[in-house]
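Chemist: What follows is data_2.cif, made up of mmCIF, C-alpha atoms:
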data_final
loop_
_atom_site.label_atom_id
_atom_site.label_comp_id
_atom_site.auth_asym_id
_atom_site.auth_seq_id
_atom_site.Cartn_x
_atom_site.Cartn_y
_atom_site.Cartn_z
CA MET A 1153 36.84 -173.74 125.53
CA GLN A 1154 36.60 -170.79 123.20
CA GLN A 1155 33.56 -172.33 121.58
CA ILE A 1156 31.83 -172.60 124.93
CA ILE A 1157 32.53 -168.94 125.68
CA ASN A 1158 31.36 -167.98 122.20
CA PHE A 1159 28.19 -169.98 122.74
CA ILE A 1160 27.53 -168.23 126.04
CA ILE A 1161 28.11 -164.80 124.53
CA ARG A 1162 25.94 -165.55 121.52
CA ASN A 1163 23.07 -166.83 123.63
CA LYS A 1164 23.44 -164.56 126.63
CA ASN A 1165 19.90 -163.21 126.35
CA PHE A 1166 18.39 -166.66 126.23
CA LEU A 1167 20.54 -167.89 129.10
CA LEU A 1168 19.64 -164.85 131.19
CA PHE A 1169 15.98 -165.49 130.42
CA LEU A 1170 16.30 -169.13 131.46
CA LEU A 1171 18.10 -168.20 134.69
CA LEU A 1172 15.55 -165.58 135.75
CA PHE A 1173 12.61 -167.76 134.72
CA GLY A 1174 14.11 -170.61 136.73
CA ILE A 1175 14.47 -168.41 139.81
CA ALA A 1176 10.86 -167.27 139.47
CA LEU A 1177 9.71 -170.88 139.13
CA VAL A 1178 11.62 -171.89 142.26
CA PHE A 1179 9.91 -169.07 144.20
CA THR A 1180 6.53 -170.17 142.84
CA ILE A 1181 7.01 -173.81 143.74
CA GLN A 1182 8.26 -172.87 147.20
CA SER A 1183 5.17 -170.77 147.75
CA HIS A 1184 3.03 -173.80 146.97
CA SER A 1185 4.46 -175.82 149.84
CA TYR A 1186 3.46 -175.02 153.37
CA HIS A 1187 5.79 -172.71 155.37
CA LYS A 1188 8.55 -172.79 152.77
CA SER A 1189 8.36 -169.44 150.95
CA LYS A 1190 11.23 -167.90 152.85
CA PHE A 1191 12.42 -165.07 150.62
CA ILE A 1192 9.49 -163.41 148.97
CA ASN A 1193 6.74 -162.47 151.39
CA SER A 1194 5.10 -159.22 152.35
CA ALA A 1195 6.09 -159.31 156.04
CA ASN A 1196 9.17 -157.16 155.50
CA PHE A 1197 9.58 -153.56 156.53
CA LEU A 1198 9.17 -152.19 152.98
CA SER A 1199 5.88 -153.76 151.93
CA GLY A 1200 4.64 -153.90 155.52
CA GLY A 1201 5.37 -150.20 155.95
CA VAL A 1202 3.68 -149.27 152.68
CA TYR A 1203 0.57 -151.30 153.50
CA ASN A 1204 0.51 -149.93 157.04
CA SER A 1205 0.53 -146.30 155.94
CA ILE A 1206 -2.09 -146.99 153.27
CA ASN A 1207 -4.25 -148.79 155.81
CA ASN A 1208 -3.97 -145.85 158.22
CA ILE A 1209 -5.84 -143.82 155.63
CA SER A 1210 -8.22 -146.39 154.18
CA SER A 1211 -9.38 -147.66 157.57
CA TYR A 1212 -11.24 -144.38 158.06
CA PHE A 1213 -13.68 -145.26 155.29
CA ASP A 1214 -14.53 -148.45 157.11
CA LEU A 1215 -14.87 -147.08 160.64
CA LYS A 1216 -18.64 -147.21 160.83
CA SER A 1217 -19.10 -150.84 159.89
CA GLN A 1218 -16.12 -151.98 161.98
CA ASN A 1219 -17.44 -150.06 164.99
CA LYS A 1220 -20.76 -151.79 164.56
CA ILE A 1221 -19.09 -155.21 164.49
CA LEU A 1222 -17.11 -154.42 167.64
CA ALA A 1223 -20.19 -153.06 169.43
CA GLU A 1224 -22.10 -156.22 168.56
CA GLU A 1225 -19.29 -158.32 169.96
CA ASN A 1226 -19.23 -156.24 173.16
CA ASN A 1227 -22.95 -156.67 173.47
CA ARG A 1228 -22.70 -160.43 173.08
CA LEU A 1229 -19.88 -160.71 175.63
CA ASN A 1230 -21.75 -158.52 178.12
CA GLN A 1231 -24.79 -160.72 177.71
CA LEU A 1232 -22.67 -163.81 178.38
CA LEU A 1233 -21.18 -162.19 181.46
CA ALA A 1234 -24.51 -161.07 182.87
CA ASN A 1235 -26.09 -164.47 182.38
CA SER A 1236 -23.16 -166.58 183.55
CA ARG A 1237 -23.73 -168.41 186.76
CA ILE A 1238 -20.24 -167.73 188.08
CA ASP A 1239 -20.35 -165.06 190.75
CA THR A 1240 -17.70 -162.61 189.68
CA ASN A 1241 -17.31 -161.30 193.24
CA THR A 1242 -16.00 -164.55 194.64
CA ILE A 1243 -13.22 -165.10 192.14
CA LYS A 1244 -9.95 -164.02 193.69
CA THR A 1245 -7.13 -162.92 191.51
CA ASP A 1246 -4.66 -165.69 191.89
CA SER A 1247 -1.10 -165.33 190.69
CA THR A 1248 -0.88 -169.04 189.92
CA LEU A 1249 -3.95 -168.91 187.68
CA LYS A 1250 -2.93 -170.80 184.56
CA LEU A 1251 -4.10 -169.56 181.18
CA ASN A 1252 -3.86 -172.05 178.33
CA TYR A 1253 -4.57 -169.55 175.59
CA LYS A 1254 -3.26 -166.01 175.35
CA TYR A 1255 -5.06 -163.53 173.09
CA THR A 1256 -3.44 -160.55 171.35
CA SER A 1257 -5.48 -158.10 169.33
CA ALA A 1258 -4.24 -157.05 165.89
CA ARG A 1259 -5.39 -155.25 162.76
CA ILE A 1260 -5.45 -156.66 159.26
CA ILE A 1261 -3.61 -154.20 157.03
CA ARG A 1262 -3.91 -156.17 153.81
CA ASN A 1263 -6.78 -158.47 152.95
CA SER A 1264 -6.83 -160.80 149.98
CA TYR A 1265 -9.50 -163.25 148.82
CA ASN A 1266 -9.38 -163.40 145.02
CA LEU A 1267 -6.35 -165.69 144.55
CA SER A 1268 -6.27 -169.43 145.08
CA ASN A 1269 -3.65 -169.08 147.83
CA ASN A 1270 -4.56 -166.05 149.90
CA PHE A 1271 -2.37 -164.46 152.54
CA LEU A 1272 -3.28 -161.65 154.92
CA LEU A 1273 -0.92 -159.16 156.54
CA ILE A 1274 -1.33 -158.10 160.18
CA ASN A 1275 0.38 -155.33 162.12
CA LYS A 1276 1.88 -157.42 164.92
CA GLY A 1277 5.20 -159.26 164.76
CA LYS A 1278 8.20 -160.52 166.70
CA ASN A 1279 8.17 -157.41 168.89
CA ASP A 1280 4.76 -158.46 170.17
CA SER A 1281 6.04 -162.04 170.63
CA ILE A 1282 4.02 -163.41 167.72
CA LYS A 1283 5.46 -166.63 166.30
CA GLN A 1284 4.76 -169.02 163.44
CA ASP A 1285 1.72 -171.30 163.83
CA PHE A 1286 -0.32 -169.05 166.10
CA GLY A 1287 -4.03 -169.09 165.32
CA VAL A 1288 -5.94 -166.01 164.13
CA ARG A 1289 -9.66 -165.44 164.69
CA SER A 1290 -12.13 -162.59 164.51
CA SER A 1291 -15.15 -162.02 166.71
CA LEU A 1292 -17.24 -164.22 164.40
CA GLY A 1293 -14.96 -167.14 163.62
CA ILE A 1294 -11.59 -168.44 162.49
CA ILE A 1295 -9.43 -166.58 159.97
CA GLY A 1296 -6.17 -168.52 159.58
CA ILE A 1297 -2.72 -169.38 160.90
CA VAL A 1298 0.35 -167.12 161.24
CA ASP A 1299 2.99 -167.95 158.63
CA HIS A 1300 5.96 -165.58 158.38
CA VAL A 1301 6.88 -163.11 161.09
CA SER A 1302 9.07 -160.03 160.78
CA ARG A 1303 9.80 -157.48 163.48
CA ASN A 1304 6.52 -155.56 163.21
CA TYR A 1305 4.39 -157.54 160.76
CA ALA A 1306 3.25 -161.08 160.14
CA THR A 1307 1.61 -162.88 157.21
CA VAL A 1308 -1.38 -165.11 157.88
CA ILE A 1309 -2.36 -168.15 155.79
CA SER A 1310 -6.06 -167.45 155.30
CA ILE A 1311 -8.58 -170.28 155.47
CA LEU A 1312 -9.22 -169.19 151.87
CA ASN A 1313 -6.01 -170.93 150.82
CA THR A 1314 -6.02 -174.23 148.95
CA LYS A 1315 -3.00 -175.32 150.99
CA SER A 1316 -4.47 -174.75 154.46
CA ARG A 1317 -5.81 -177.66 156.54
CA ILE A 1318 -7.53 -176.90 159.84
CA SER A 1319 -9.19 -179.50 162.02
CA ALA A 1320 -12.91 -178.90 162.64
CA GLN A 1321 -15.92 -180.85 163.82
CA LEU A 1322 -19.70 -180.87 164.01
CA LYS A 1323 -21.01 -179.03 167.04
CA LYS A 1324 -23.65 -181.55 168.06
CA THR A 1325 -21.52 -184.69 167.69
CA ASN A 1326 -17.77 -185.15 167.88
CA HIS A 1327 -17.23 -186.27 164.28
CA PHE A 1328 -14.29 -184.34 162.91
CA GLY A 1329 -12.66 -183.58 159.57
CA SER A 1330 -10.34 -181.03 158.01
CA LEU A 1331 -11.28 -177.68 156.52
CA THR A 1332 -10.08 -177.06 152.96
CA TRP A 1333 -10.97 -174.60 150.24
CA ASN A 1334 -11.65 -175.34 146.58
CA GLY A 1335 -10.77 -171.81 145.46
CA LYS A 1336 -14.20 -170.83 144.19
CA SER A 1337 -16.31 -168.69 146.51
CA PRO A 1338 -14.83 -166.57 149.33
CA ASN A 1339 -17.90 -167.36 151.49
CA ILE A 1340 -17.94 -171.14 151.23
CA ILE A 1341 -15.27 -173.61 152.35
CA GLN A 1342 -15.26 -177.40 152.47
CA LEU A 1343 -15.08 -179.78 155.42
CA THR A 1344 -13.65 -183.07 154.16
CA ASP A 1345 -12.83 -186.48 155.66
CA VAL A 1346 -15.87 -186.61 157.94
CA GLU A 1347 -16.92 -190.23 158.57
CA LYS A 1348 -19.89 -191.39 156.51
CA ILE A 1349 -21.67 -192.43 159.70
CA ALA A 1350 -21.83 -188.83 161.01
CA PRO A 1351 -25.34 -187.33 160.89
CA VAL A 1352 -24.97 -184.18 158.80
CA THR A 1353 -28.00 -182.02 158.19
CA GLN A 1354 -28.40 -178.62 156.61
CA GLY A 1355 -27.93 -175.76 159.06
CA ASP A 1356 -25.67 -177.65 161.48
CA THR A 1357 -22.93 -175.56 163.07
CA ILE A 1358 -19.27 -176.38 162.46
CA ILE A 1359 -16.68 -175.47 165.12
CA THR A 1360 -12.95 -176.01 165.53
CA SER A 1361 -12.14 -179.34 167.12
CA GLY A 1362 -9.20 -178.44 169.37
CA ARG A 1363 -7.36 -181.51 168.09
CA SER A 1364 -4.44 -179.46 166.83
CA SER A 1365 -2.60 -177.31 169.34
CA ILE A 1366 -3.29 -174.15 167.30
CA PHE A 1367 -6.95 -173.41 167.99
CA PRO A 1368 -8.88 -174.11 171.19
CA LYS A 1369 -12.04 -176.17 170.83
CA GLY A 1370 -15.27 -174.41 169.99
CA ILE A 1371 -14.35 -171.44 167.80
CA PRO A 1372 -17.25 -171.07 165.35
CA VAL A 1373 -16.58 -171.68 161.66
CA GLY A 1374 -19.87 -171.72 159.78
CA THR A 1375 -23.07 -173.58 158.99
CA VAL A 1376 -23.64 -176.58 156.73
CA ILE A 1377 -25.16 -175.77 153.33
CA ASN A 1378 -25.13 -179.26 151.83
CA SER A 1379 -23.03 -182.41 151.86
CA LYS A 1380 -22.23 -185.29 149.53
CA LEU A 1381 -20.02 -188.36 149.69
CA ASP A 1382 -16.55 -188.19 148.14
CA ALA A 1383 -15.21 -190.48 145.37
CA THR A 1384 -14.44 -193.32 147.78
CA GLU A 1385 -17.99 -193.15 149.22
CA ASN A 1386 -16.57 -193.32 152.74
CA PHE A 1387 -16.37 -189.70 153.73
CA HIS A 1388 -18.59 -186.63 153.60
CA VAL A 1389 -17.55 -183.52 151.70
CA ILE A 1390 -19.52 -180.73 153.36
CA ASN A 1391 -19.97 -177.21 151.99
CA VAL A 1392 -19.78 -174.77 154.89
CA LYS A 1393 -20.98 -171.18 154.77
CA LEU A 1394 -18.61 -169.05 156.85
CA PHE A 1395 -19.88 -166.83 159.67
CA ASN A 1396 -17.11 -164.39 158.81
CA ASP A 1397 -17.36 -162.09 155.84
CA MET A 1398 -13.81 -162.67 154.61
CA THR A 1399 -14.06 -159.67 152.29
CA ASN A 1400 -14.59 -157.25 155.18
CA LEU A 1401 -12.08 -157.87 157.96
CA GLU A 1402 -10.29 -155.44 160.22
CA HIS A 1403 -9.93 -156.34 163.92
CA VAL A 1404 -8.67 -159.84 164.71
CA TYR A 1405 -7.26 -161.75 167.67
CA ILE A 1406 -4.10 -163.83 167.64
CA ILE A 1407 -4.31 -166.95 169.80
CA GLU A 1408 -1.19 -168.30 171.47
CA ASN A 1409 -1.35 -171.75 173.01
CA THR A 1410 1.08 -171.61 175.95
CA ASP A 1411 1.29 -175.39 176.07
CA THR A 1412 2.41 -175.92 172.47
CA ALA A 1413 5.98 -176.86 173.41
CA GLU A 1414 4.79 -179.38 175.98
CA ILE A 1415 2.33 -180.98 173.56
CA LYS A 1416 4.97 -181.16 170.83
CA ASN A 1417 7.46 -182.81 173.18
CA LEU A 1418 4.90 -185.33 174.28
CA LEU A 1419 3.92 -186.22 170.71
CA GLU A 1420 7.56 -186.55 169.65
CA SER A 1421 8.38 -188.85 172.54
CA ALA A 1422 5.29 -190.90 171.73
CA ASN A 1423 6.45 -191.30 168.13
CA GLU A 1424 9.87 -192.60 169.06
CA MET B 33 20.45 -140.19 128.57
CA ASN B 34 20.36 -139.26 132.23
CA ASN B 35 16.86 -137.93 131.76
CA SER B 36 15.57 -141.21 130.31
CA ILE B 37 17.00 -143.24 133.20
CA THR B 38 15.22 -141.01 135.72
CA GLY B 39 12.04 -141.29 133.67
CA HIS B 40 12.17 -145.08 133.63
CA THR B 41 12.87 -145.26 137.37
CA ILE B 42 9.94 -143.00 138.20
CA ARG B 43 7.66 -144.95 135.86
CA PHE B 44 8.81 -148.25 137.41
CA LEU B 45 8.10 -147.08 140.97
CA LEU B 46 4.77 -145.41 140.14
CA LEU B 47 3.45 -148.42 138.24
CA ALA B 48 4.48 -150.85 140.99
CA LEU B 49 2.90 -148.64 143.65
CA PHE B 50 -0.36 -148.15 141.73
CA GLN B 51 -0.59 -151.87 141.01
CA VAL B 52 -0.27 -152.97 144.64
CA ILE B 53 -2.28 -150.15 146.20
CA LEU B 54 -5.05 -149.64 143.68
CA PHE B 55 -5.36 -152.22 140.93
CA ASN B 56 -4.88 -155.31 143.13
CA HIS B 57 -7.90 -154.31 145.20
CA ILE B 58 -10.50 -153.68 142.51
CA ASN B 59 -11.87 -157.26 142.71
CA PHE B 60 -14.58 -156.61 140.12
CA LEU B 61 -17.18 -159.43 140.43
CA GLY B 62 -15.07 -160.94 143.19
CA TYR B 63 -11.89 -161.87 141.34
CA ILE B 64 -11.26 -159.74 138.24
CA ASN B 65 -8.29 -157.41 138.58
CA PRO B 66 -6.35 -155.56 135.88
CA TYR B 67 -2.58 -156.12 135.90
CA VAL B 68 -1.56 -152.76 134.56
CA TYR B 69 2.11 -152.85 135.60
CA ILE B 70 3.02 -154.78 132.41
CA ILE B 71 2.60 -151.52 130.49
CA PHE B 72 6.19 -150.90 131.65
CA ILE B 73 7.32 -153.87 129.56
CA PHE B 74 5.07 -153.07 126.58
CA PHE B 75 6.29 -149.53 125.98
CA TYR B 76 9.91 -149.85 127.03
CA PRO B 77 12.00 -148.32 124.19
CA ILE B 78 12.62 -150.74 121.36
CA LYS B 79 16.28 -149.84 120.93
CA ASN B 80 17.47 -151.11 124.27
CA ASN B 81 20.05 -153.06 126.17
CA ARG B 82 18.31 -156.43 126.01
CA PRO B 83 19.78 -158.14 129.13
CA LEU B 84 19.04 -155.03 131.21
CA PHE B 85 15.47 -154.94 129.87
CA ILE B 86 14.87 -158.61 130.75
CA PHE B 87 16.34 -158.06 134.20
CA LEU B 88 14.19 -154.98 134.83
CA SER B 89 11.07 -156.93 133.84
CA PHE B 90 12.04 -159.65 136.30
CA LEU B 91 12.52 -157.05 139.02
CA MET B 92 9.15 -155.50 138.24
CA GLY B 93 7.39 -158.86 138.55
CA LEU B 94 9.25 -159.74 141.72
CA THR B 95 8.25 -156.44 143.34
CA ILE B 96 4.58 -157.17 142.67
CA ASP B 97 5.08 -160.72 143.97
CA MET B 98 6.62 -159.51 147.19
CA PHE B 99 3.71 -157.20 147.87
CA SER B 100 1.01 -159.74 147.09
CA ASP B 101 2.57 -162.93 148.57
CA THR B 102 2.33 -164.89 145.34
CA GLY B 103 5.76 -166.55 145.22
CA GLY B 104 7.19 -165.83 141.76
CA ILE B 105 4.24 -165.90 139.38
CA HIS B 106 4.42 -162.27 138.26
CA ALA B 107 8.20 -162.47 137.87
CA ALA B 108 7.97 -165.58 135.68
CA ALA B 109 5.23 -164.15 133.47
CA SER B 110 7.00 -160.77 133.11
CA VAL B 111 10.32 -162.34 132.14
CA CYS B 112 8.53 -164.45 129.53
CA ILE B 113 6.82 -161.54 127.81
CA ALA B 114 10.00 -159.44 128.00
CA TYR B 115 11.92 -162.20 126.21
CA ALA B 116 9.16 -162.85 123.67
CA ARG B 117 8.48 -159.18 122.93
CA PRO B 118 10.49 -158.93 119.63
CA VAL B 119 8.43 -161.74 118.10
CA PHE B 120 5.19 -159.94 118.91
CA LEU B 121 6.57 -156.60 117.72
CA LYS B 122 7.44 -158.20 114.39
CA PHE B 123 4.01 -159.82 114.13
CA ALA B 124 2.07 -156.67 114.97
CA PHE B 125 4.09 -153.98 113.23
CA GLY B 126 5.66 -156.05 110.42
CA THR B 127 8.01 -154.16 108.13
CA MET B 128 7.95 -151.06 110.30
CA TYR B 129 9.69 -153.01 113.04
CA GLU B 130 12.27 -154.46 110.66
CA HIS B 131 13.21 -150.98 109.50
CA ASN B 132 13.51 -149.82 113.10
CA THR B 133 10.95 -147.08 112.63
CA VAL B 134 8.34 -148.09 115.22
CA LYS B 135 7.42 -145.24 117.51
CA PHE B 136 4.63 -146.12 119.91
CA ASN B 137 3.25 -142.58 119.76
CA ASN B 138 2.38 -142.57 116.09
CA THR B 139 1.69 -146.15 115.09
CA ASP B 140 -1.54 -147.49 113.70
CA PHE B 141 -4.14 -148.02 116.45
CA GLY B 142 -5.15 -151.48 115.22
CA ALA B 143 -1.59 -152.78 115.17
CA LYS B 144 -1.00 -151.40 118.65
CA LEU B 145 -4.18 -153.06 119.96
CA VAL B 146 -3.13 -156.44 118.51
CA TYR B 147 0.30 -156.05 120.09
CA ILE B 148 -1.17 -155.19 123.52
CA ALA B 149 -3.82 -157.92 123.41
CA LEU B 150 -1.49 -160.78 122.43
CA LEU B 151 1.19 -159.94 124.97
CA THR B 152 -1.40 -159.43 127.73
CA LEU B 153 -3.01 -162.81 127.08
CA LEU B 154 0.39 -164.55 127.05
CA HIS B 155 1.31 -162.88 130.35
CA HIS B 156 -2.00 -163.73 131.99
CA ILE B 157 -2.08 -167.35 130.93
CA ILE B 158 1.42 -167.98 132.30
CA MET B 159 0.60 -166.11 135.50
CA PHE B 160 -2.72 -167.81 136.21
CA SER B 161 -1.49 -171.30 135.38
CA LEU B 162 1.36 -170.80 137.85
CA GLU B 163 -1.02 -169.33 140.42
CA ILE B 164 -3.60 -172.12 140.28
CA PHE B 165 -0.96 -174.75 139.55
CA SER B 166 -3.22 -177.69 138.83
CA ILE B 167 -4.26 -179.24 135.52
CA SER B 168 -7.61 -180.37 136.88
CA ARG B 169 -8.69 -176.73 137.22
CA ILE B 170 -7.54 -175.61 133.77
CA LEU B 171 -10.99 -174.17 133.03
CA LEU B 172 -10.60 -171.76 135.92
CA VAL B 173 -7.24 -170.68 134.44
CA PHE B 174 -8.87 -169.90 131.09
CA GLN B 175 -11.79 -168.13 132.74
CA LYS B 176 -9.51 -165.91 134.83
CA THR B 177 -7.22 -165.26 131.87
CA LEU B 178 -10.10 -164.20 129.67
CA PHE B 179 -11.89 -161.88 132.10
CA SER B 180 -8.83 -160.32 133.71
CA GLY B 181 -7.25 -160.11 130.26
CA ILE B 182 -10.13 -158.08 128.84
CA PHE B 183 -9.96 -155.73 131.82
CA THR B 184 -6.18 -155.32 131.51
CA ILE B 185 -6.30 -154.71 127.75
CA LEU B 186 -8.98 -152.06 128.25
CA MET B 187 -7.04 -150.28 130.99
CA ILE B 188 -3.71 -150.37 129.12
CA THR B 189 -5.27 -149.10 125.89
CA LEU B 190 -6.91 -146.23 127.76
CA LEU B 191 -3.69 -145.37 129.60
CA SER B 192 -1.64 -145.47 126.41
CA ILE B 193 -4.10 -143.09 124.73
CA ILE B 194 -4.14 -140.70 127.68
CA PHE B 195 -0.38 -140.61 128.18
CA SER B 196 0.75 -140.68 124.55
CA ARG B 197 2.73 -137.61 123.59
CA LYS B 198 1.44 -136.20 120.32
CA SER B 199 4.16 -134.55 118.31
#
How does the structure come out when it is put into structure tokens?

Modeler:
Amino acid sequence: MQQIINFIIRNKNFLLFLLLFGIALVFTIQSHSYHKSKFINSANFLSGGVYNSINNISSYFDLKSQNKILAEENNRLNQLLANSRIDTNTIKTDSTLKLNYKYTSARIIRNSYNLSNNFLLINKGKNDSIKQDFGVRSSLGIIGIVDHVSRNYATVISILNTKSRISAQLKKTNHFGSLTWNGKSPNIIQLTDVEKIAPVTQGDTIITSGRSSIFPKGIPVGTVINSKLDATENFHVINVKLFNDMTNLEHVYIIENTDTAEIKNLLESANE
Amino acid sequence: MNNSITGHTIRFLLLALFQVILFNHINFLGYINPYVYIIFIFFYPIKNNRPLFIFLSFLMGLTIDMFSDTGGIHAAASVCIAYARPVFLKFAFGTMYEHNTVKFNNTDFGAKLVYIALLTLLHHIIMFSLEIFSISRILLVFQKTLFSGIFTILMITLLSIIFSRKS
């Protein structure tokens, strides 16, 4: 017994090192599996508060370009409205009108694109009824999926994350695949698992497929740069240039699918 | 004694704050950032309470991890270099270290540069291999280690020259 205690005392530095290194490794491995990094994330009041107050200052430097982006979006939406064939005068506000998707606007207070697993921080949280697995988009295209939520902040798994998988498809046909990222360029992501038979040509538009309950169908993603077959020669691996400039993001929209619970229940009962 | 504790606390907080607010957002050429916070571990006094020093390094890394959503990569790398520091001190400063006469303010510049460079590269290679976490992309690990390492070494050398107290 005494020898054991002596051993511990003699090697206490090494044991302490091993313990702390082990804890750090556990955190690292947790962060590499989807939705598991429970303890260490930036959606707490300390780091969220620090980033929020810094962003309050730094957002001033960006006002001009962000204003331009918002004005362009307004312009586009006005154009859509003016040219739509629906007569806006005849629509009556109906209290039973059912909305499948609810949008909430938010601001990105920390952007990140230089790691291989990037997370963003937004300034909406539980108090604004944001929950895990809500989609996030900007005016130009998809951004990611909400991961951890605290009272006033939430972290978002960016599409620039080697762990993220989002279902997407070609705009002109219905061939679908999943969006992944190889960690190289912040402007280019990969669409994998698209059937070999699908006609893919340069310049085609990629949109979300609406197959998962997170994003509605038709949110733009990017355009095809080039494609090749993967190692099994059965599927395309397509390089997609994003519409979004992921290095310059500020105003985003959080998408809530109000039918998620129903869809989940249905799928679970189908699996049984 | 009291004075030195306050000094270390202030240095700890300032370095963590500067790292997450400023140095994490430099993104030179898209991905090159200096990780300057490890200067806290480099120039921590040599006569120290070793367990406390290792624990403080862990805390420093974990703070950076919390702010940048990276799991535990900075914590792991910081603990490693804190534990391995005596070996590097002995290698860089030789007999001076064995006689307990190393003072960072008036050591030879070359020896100090070797000490900074080796520890920085060790820290970066552990950190980036944990971040990328795949053997098939080992080249990317080396590339990031090299470029970010050069940037970090440059920044730390400059900072240590600017803030060194000449007697």

Chemist: Please enclose the listed atoms of region 149-167 of chain B in an axis-aligned box, pad each side by 8 Å, and write out the centre and the three edge lengths in Å, rounded to one decimal, as JSON.

Modeler:
{"center_x": -1.4, "center_y": -168.6, "center_z": 131.4, "size_x": 21.7, "size_y": 37.3, "size_z": 34.0}

Chemist: With the cut-off set at 10 Å and counting all atoms listed in the file, tabulate each residue of region 125-170 of chain B with an atom at most that distance from an atom of region 55-77 of chain B, showing the nearest atom pair and its distance in Å to one decimal, ordered by chain and increasing number, as JSON lines.

Modeler:
{"residue": "B:Val134", "atom": "CA", "partner": "B:Pro77", "partner_atom": "CA", "distance": 9.7}
{"residue": "B:Lys135", "atom": "CA", "partner": "B:Pro77", "partner_atom": "CA", "distance": 8.7}
{"residue": "B:Phe136", "atom": "CA", "partner": "B:Phe75", "partner_atom": "CA", "distance": 7.2}
{"residue": "B:Asn137", "atom": "CA", "partner": "B:Phe75", "partner_atom": "CA", "distance": 9.8}
{"residue": "B:Tyr147", "atom": "CA", "partner": "B:Phe74", "partner_atom": "CA", "distance": 8.6}
{"residue": "B:Ile148", "atom": "CA", "partner": "B:Phe74", "partner_atom": "CA", "distance": 7.3}
{"residue": "B:Leu151", "atom": "CA", "partner": "B:Phe74", "partner_atom": "CA", "distance": 8.1}
{"residue": "B:Thr152", "atom": "CA", "partner": "B:Ile70", "partner_atom": "CA", "distance": 7.9}
{"residue": "B:His155", "atom": "CA", "partner": "B:Ile70", "partner_atom": "CA", "distance": 8.5}
{"residue": "B:His156", "atom": "CA", "partner": "B:Tyr67", "partner_atom": "CA", "distance": 8.6}

Chemist: At a cut-off of 12 Å, using only C-alpha atoms, what residues contact Gly1374 (chain A)? Leave out same-chain residues fewer than 2 positions from it and give the result as JSON, numbers by chain.

Modeler: {"A": [1292, 1293, 1294, 1295, 1320, 1321, 1322, 1323, 1331, 1339, 1340, 1341, 1342, 1343, 1354, 1355, 1356, 1357, 1358, 1359, 1360, 1370, 1371, 1372, 1376, 1377, 1390, 1391, 1392, 1393, 1394, 1395, 1396, 1397]}

Chemist: The PyMOL selection byres ((chain B) within 8 of (chain A)) - which residues does that actually catch in the file I just gave you? List them as a VMD selection string.

Modeler: chain B and resid 53 59 62 to 64 82 to 83 86 to 87 90 97 to 105 107 to 108 111 to 112 115 162 to 164

Chemist: What would the selection look like, as a PDB file with C-alpha atoms, in the frame of the given file, if the PyMOL selection byres ((chain A and resi 1330) around 8) were run on the coordinates I just shared?

Modeler:
ATOM      1  CA  ARG A1317      -5.810-177.660 156.540  1.00  0.00           C
ATOM      2  CA  ILE A1318      -7.530-176.900 159.840  1.00  0.00           C
ATOM      3  CA  SER A1319      -9.190-179.500 162.020  1.00  0.00           C
ATOM      4  CA  ALA A1320     -12.910-178.900 162.640  1.00  0.00           C
ATOM      5  CA  PHE A1328     -14.290-184.340 162.910  1.00  0.00           C
ATOM      6  CA  GLY A1329     -12.660-183.580 159.570  1.00  0.00           C
ATOM      7  CA  LEU A1331     -11.280-177.680 156.520  1.00  0.00           C
ATOM      8  CA  THR A1332     -10.080-177.060 152.960  1.00  0.00           C
ATOM      9  CA  LEU A1343     -15.080-179.780 155.420  1.00  0.00           C
ATOM     10  CA  THR A1344     -13.650-183.070 154.160  1.00  0.00           C
ATOM     11  CA  ASP A1345     -12.830-186.480 155.660  1.00  0.00           C
ATOM     12  CA  VAL A1346     -15.870-186.610 157.940  1.00  0.00           C
TER      13      VAL A1346
END

Chemist: One decimal, in Å: what's the spacing between CA of Leu88 (chain B) and CA of Phe50 (chain B)?

Modeler: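 Straight-line distance from CA of Leu88 (chain B) to CA of Phe50 (chain B) works out to 17.5 Å.
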
Chemist: Region 1216-1225 of chain A: which residues within 10 Å, counting all atoms listed in the file, same-chain residues fewer than 2 positions away excluded, as a PyMOL selection string?

Modeler: chain A and resi 1211-1214+1227-1231+1290-1292+1400-1403

Chemist: Hey, what's within 10 Å of Ile1349 (chain A) if we count all atoms listed in the file and toss same-chain stuff fewer than 6 positions away? As a list in words, please?

Modeler: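 In the requested form, the answer reads His1327, Asn1386, Phe1387 and His1388 of chain A.
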
Chemist: One decimal, Å: what's the distance from CA of Ser36 (chain B) over to CA of Ala114 (chain B), could you say?

Modeler: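 Between CA of Ser36 (chain B) and CA of Ala114 (chain B) the gap works out to 19.2 Å.
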
Chemist: Run the PyMOL selection byres ((chain B and resi 174) around 12) on the file and write out the hits as JSON, numbers by chain.

Modeler: {"B": [153, 154, 156, 157, 158, 159, 160, 161, 164, 167, 169, 170, 171, 172, 173, 175, 176, 177, 178, 179, 180, 181]}

Chemist: Quick one: of B:Ile193, B:Val146, B:Ala116, B:Met92, who's nearest to Gln51 (chain B), counting all atoms listed in the file?

Modeler: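 Distance minimum relative to Gln51 (chain B) lands on B:Met92.
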